[in-house]
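Colleague: Below is the file target.cif, which contains mmCIF, C-alpha atoms.
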data_my_file
loop_
_atom_site.group_PDB
_atom_site.id
_atom_site.type_symbol
_atom_site.label_atom_id
_atom_site.label_comp_id
_atom_site.auth_asym_id
_atom_site.auth_seq_id
_atom_site.Cartn_x
_atom_site.Cartn_y
_atom_site.Cartn_z
ATOM 1 C CA MET A 252 3.036 124.149 73.002
ATOM 2 C CA PRO A 253 -0.116 124.722 70.913
ATOM 3 C CA ASP A 254 -0.976 122.204 68.232
ATOM 4 C CA PRO A 255 -0.257 123.709 64.760
ATOM 5 C CA LEU A 256 -3.391 121.974 63.449
ATOM 6 C CA GLY A 257 -5.504 123.645 66.126
ATOM 7 C CA THR A 258 -7.896 122.701 68.903
ATOM 8 C CA ASP A 259 -11.675 123.089 68.849
ATOM 9 C CA PHE A 260 -14.860 121.548 70.187
ATOM 10 C CA ASN A 261 -15.893 118.169 68.820
ATOM 11 C CA LEU A 262 -19.136 118.764 66.923
ATOM 12 C CA ARG A 263 -19.761 115.146 65.872
ATOM 13 C CA PRO A 264 -21.043 114.156 68.398
ATOM 14 C CA LEU A 265 -21.528 117.400 70.318
ATOM 15 C CA THR A 266 -20.102 116.390 73.675
ATOM 16 C CA GLY A 267 -18.149 119.463 74.694
ATOM 17 C CA ALA A 268 -14.930 117.486 74.382
ATOM 18 C CA LEU A 269 -11.958 119.052 72.657
ATOM 19 C CA LEU A 270 -10.584 117.778 69.378
ATOM 20 C CA SER A 271 -7.088 118.572 68.127
ATOM 21 C CA GLY A 272 -4.375 117.542 65.721
ATOM 22 C CA ARG A 273 -5.090 115.251 62.802
ATOM 23 C CA ALA A 274 -8.560 114.383 64.115
ATOM 24 C CA LEU A 275 -9.558 118.067 64.091
ATOM 25 C CA LEU A 276 -8.100 118.643 60.639
ATOM 26 C CA THR A 277 -9.952 115.589 59.321
ATOM 27 C CA GLU A 278 -13.244 116.838 60.770
ATOM 28 C CA ASP A 279 -12.698 120.351 59.391
ATOM 29 C CA LEU A 280 -11.810 119.098 55.911
ATOM 30 C CA GLY A 281 -14.805 116.774 55.902
ATOM 31 C CA ARG A 282 -17.026 119.735 56.763
ATOM 32 C CA ARG A 283 -15.498 121.735 53.905
ATOM 33 C CA LEU A 284 -16.165 118.898 51.451
ATOM 34 C CA ARG A 285 -19.776 118.501 52.646
ATOM 35 C CA THR A 286 -20.537 122.225 52.326
ATOM 36 C CA ARG A 287 -21.562 123.500 48.919
ATOM 37 C CA HIS A 288 -19.206 126.166 47.622
ATOM 38 C CA GLY A 289 -20.752 129.570 48.297
ATOM 39 C CA ALA A 290 -23.358 128.270 50.779
ATOM 40 C CA LEU A 291 -22.081 130.380 53.673
ATOM 41 C CA PHE A 292 -23.105 134.035 53.304
ATOM 42 C CA TYR A 293 -20.269 135.146 55.581
ATOM 43 C CA ASP A 294 -17.608 133.193 53.656
ATOM 44 C CA PRO A 295 -18.651 132.738 50.011
ATOM 45 C CA ASP A 296 -15.316 131.106 49.072
ATOM 46 C CA TYR A 297 -15.687 128.325 51.671
ATOM 47 C CA GLY A 298 -16.821 124.872 50.644
ATOM 48 C CA SER A 299 -16.396 122.462 47.783
ATOM 49 C CA TYR A 300 -17.982 121.743 44.447
ATOM 50 C CA LEU A 301 -17.964 118.016 45.323
ATOM 51 C CA PRO A 302 -21.609 118.051 46.599
ATOM 52 C CA GLU A 303 -22.678 119.198 43.123
ATOM 53 C CA TYR A 304 -21.847 115.705 41.837
ATOM 54 C CA LEU A 305 -23.819 113.768 44.451
ATOM 55 C CA GLY A 306 -26.618 111.830 42.827
ATOM 56 C CA GLU A 307 -25.362 112.718 39.341
ATOM 57 C CA GLY A 308 -23.278 109.619 38.886
ATOM 58 C CA PHE A 309 -19.544 109.314 38.609
ATOM 59 C CA GLN A 310 -19.232 107.717 35.200
ATOM 60 C CA ASP A 311 -18.291 109.585 32.010
ATOM 61 C CA GLY A 312 -15.776 111.986 33.517
ATOM 62 C CA GLY A 313 -17.613 112.579 36.770
ATOM 63 C CA ALA A 314 -14.871 110.807 38.701
ATOM 64 C CA GLU A 315 -12.234 113.125 37.288
ATOM 65 C CA ALA A 316 -14.353 116.169 38.109
ATOM 66 C CA ALA A 317 -14.926 114.918 41.659
ATOM 67 C CA ALA A 318 -11.185 114.398 42.131
ATOM 68 C CA ILE A 319 -10.524 117.947 40.964
ATOM 69 C CA CYS A 320 -13.095 119.201 43.474
ATOM 70 C CA MET A 321 -11.090 117.551 46.242
ATOM 71 C CA LEU A 322 -8.338 120.054 45.568
ATOM 72 C CA ASP A 323 -10.573 122.510 47.450
ATOM 73 C CA LEU A 324 -8.810 121.045 50.478
ATOM 74 C CA GLU A 325 -5.852 123.296 49.649
ATOM 75 C CA GLU A 326 -8.025 126.271 50.612
ATOM 76 C CA ASP A 327 -7.477 125.344 54.276
ATOM 77 C CA ASP A 328 -4.470 127.282 55.601
ATOM 78 C CA ARG A 329 -3.147 124.154 57.331
ATOM 79 C CA VAL A 330 -2.915 122.260 54.019
ATOM 80 C CA LEU A 331 0.176 123.142 51.990
ATOM 81 C CA SER A 332 -0.527 120.831 49.040
ATOM 82 C CA ALA A 333 -2.894 118.060 47.998
ATOM 83 C CA SER A 334 -2.938 115.286 45.436
ATOM 84 C CA VAL A 335 -5.983 113.141 44.808
ATOM 85 C CA ASN A 336 -6.433 109.654 43.368
ATOM 86 C CA VAL A 337 -9.678 107.911 42.517
ATOM 87 C CA LEU A 338 -9.768 104.551 44.324
ATOM 88 C CA SER A 339 -13.079 103.221 43.037
ATOM 89 C CA THR A 340 -16.255 104.328 41.302
ATOM 90 C CA ASP A 341 -19.630 102.960 40.461
ATOM 91 C CA LEU A 342 -22.749 104.670 39.199
ATOM 92 C CA ARG A 343 -23.568 106.451 42.475
ATOM 93 C CA THR A 344 -20.451 106.301 44.649
ATOM 94 C CA ILE A 345 -16.846 107.368 44.382
ATOM 95 C CA GLN A 346 -14.013 106.706 46.798
ATOM 96 C CA LEU A 347 -10.985 108.996 46.720
ATOM 97 C CA ARG A 348 -7.664 109.179 48.510
ATOM 98 C CA ALA A 349 -6.250 112.623 49.220
ATOM 99 C CA ASP A 350 -2.560 112.787 50.109
ATOM 100 C CA LEU A 351 -1.965 116.068 51.891
ATOM 101 C CA GLU A 352 1.126 117.875 53.054
ATOM 102 C CA THR A 353 0.106 119.865 56.123
ATOM 103 C CA VAL A 354 1.867 122.301 58.421
ATOM 104 C CA SER A 355 2.637 119.358 60.714
ATOM 105 C CA GLY A 356 3.500 116.706 58.141
ATOM 106 C CA PRO A 357 1.795 114.360 55.686
ATOM 107 C CA ILE A 358 -1.698 112.955 56.135
ATOM 108 C CA SER A 359 -3.873 110.841 53.850
ATOM 109 C CA LEU A 360 -7.670 110.952 53.840
ATOM 110 C CA ILE A 361 -10.058 108.391 52.395
ATOM 111 C CA VAL A 362 -13.234 110.149 51.239
ATOM 112 C CA GLU A 363 -16.410 108.518 49.970
ATOM 113 C CA ALA A 364 -19.039 110.508 48.107
ATOM 114 C CA GLY A 365 -22.388 109.005 47.245
ATOM 115 C CA ASP A 366 -25.612 110.157 48.869
ATOM 116 C CA ALA A 367 -23.370 112.209 51.176
ATOM 117 C CA VAL A 368 -19.696 113.077 51.552
ATOM 118 C CA ASN A 369 -17.903 111.203 54.335
ATOM 119 C CA VAL A 370 -14.296 111.031 55.445
ATOM 120 C CA LEU A 371 -13.879 107.318 56.160
ATOM 121 C CA GLY A 372 -10.474 107.521 57.755
ATOM 122 C CA TYR A 373 -7.077 109.083 57.822
ATOM 123 C CA GLU A 374 -3.482 108.129 58.383
ATOM 124 C CA GLY A 375 -0.479 110.295 59.021
ATOM 125 C CA VAL A 376 2.871 110.496 60.640
ATOM 126 C CA ALA A 377 2.453 113.514 62.910
ATOM 127 C CA PRO A 378 3.521 112.482 66.436
ATOM 128 C CA PHE A 379 1.004 114.640 68.290
ATOM 129 C CA GLY A 380 -2.727 115.268 68.440
ATOM 130 C CA VAL A 381 -5.700 113.002 68.737
ATOM 131 C CA GLY A 382 -5.924 110.087 66.349
#
Using structure tokens, write down the structure that the file contains.
Modeller:
Amino acid sequence: MPDPLGTDFNLRPLTGALLSGRALLTEDLGRRLRTRHGALFYDPDYGSYLPEYLGEGFQDGGAEAAAICMLDLEEDDRVLSASVNVLSTDLRTIQLRADLETVSGPISLIVEAGDAVNVLGYEGVAPFGVG
């Protein structure tokens, strides 16, 4: 039975190994958050506005704006809904938790944005896939 979250090659690191399930979804969503909205000529709606805030600071409403940007995760067809909470902020870094309902059940992502956007980890209840 195919994994509803998909299967693809692991690009980080590029080993030729396959990645599937929650691990693949986490990698794909991290890539979406790291890509500036409109940066791909062949898919101008792909990406996130979150990189626009990197280096700008997350005080004075920046944290709220960054959390709103995380809702770009709902653009992935495998994500049915998303809610985002700010976990911590300082002048140059924000840490967010995204609680997602996916086609295979709930998953939570911890995302840190500072000099770059990184998915630090995930947790979920789906019984299949890698991770």
Colleague: Care to translate the PyMOL selection byres ((chain A and resi 343) around 6) into actual residues of this file, as an NGL selection string?
Modeller: :A and (308 or 341-342 or 344 or 365)
Colleague: Please provide as JSON, numbers by chain all residues within 7 Å of Ile361 in chain A, with the sequence filter that same-chain residues fewer than 6 positions apart are discarded (counting all atoms listed in the file).
Modeller: {"A": [347, 348, 349, 370, 371, 372, 373]}
Colleague: Could you check how far CA of Met321 in chain A sits from CA of Arg285 in chain A, in Å to one decimal?
Modeller: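 Taking CA of Met321 in chain A and CA of Arg285 in chain A, their separation equals 10.8 Å.
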Colleague: Residues near Leu256 in chain A, anyone? I mean within 8 Å using all atoms listed in the file, not counting same-chain ones fewer than 3 positions away, as a PyMOL selection string.
Modeller: chain A and resi 271-273+275-276+329+354-355
Colleague: Nearest residue to Pro255 in chain A out of A:Asp296, A:Glu374, A:Asp328, A:Asp323, using all atoms listed in the file?
Modeller: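 The closest residue to Pro255 in chain A is A:Asp328.
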Colleague: Excluding Val368 in chain A and its own-chain neighbours fewer than 2 positions away, which residues fall within 12 Å of it when counting only C-alpha atoms? Please give them as a ChimeraX atom specification.
Modeller: /A:278,280-287,299-306,317,321,343-347,361-366,370-371
Colleague: For the file shown, what are the residues hit by the PyMOL selection byres ((chain A and resi 258) around 6), laid out as a list of chain:residue names?
Modeller: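 Going through the file, the PyMOL selection byres ((chain A and resi 258) around 6) ends up selecting A:Gly257, A:Asp259, A:Leu270, A:Ser271.
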Colleague: I'd like to know which of A:Ala316, A:Gly289, A:Ala274, A:Glu326 is closest to Ile358 in chain A, using only C-alpha atoms.
Modeller: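 Result for the nearest residue to Ile358 in chain A: A:Ala274.
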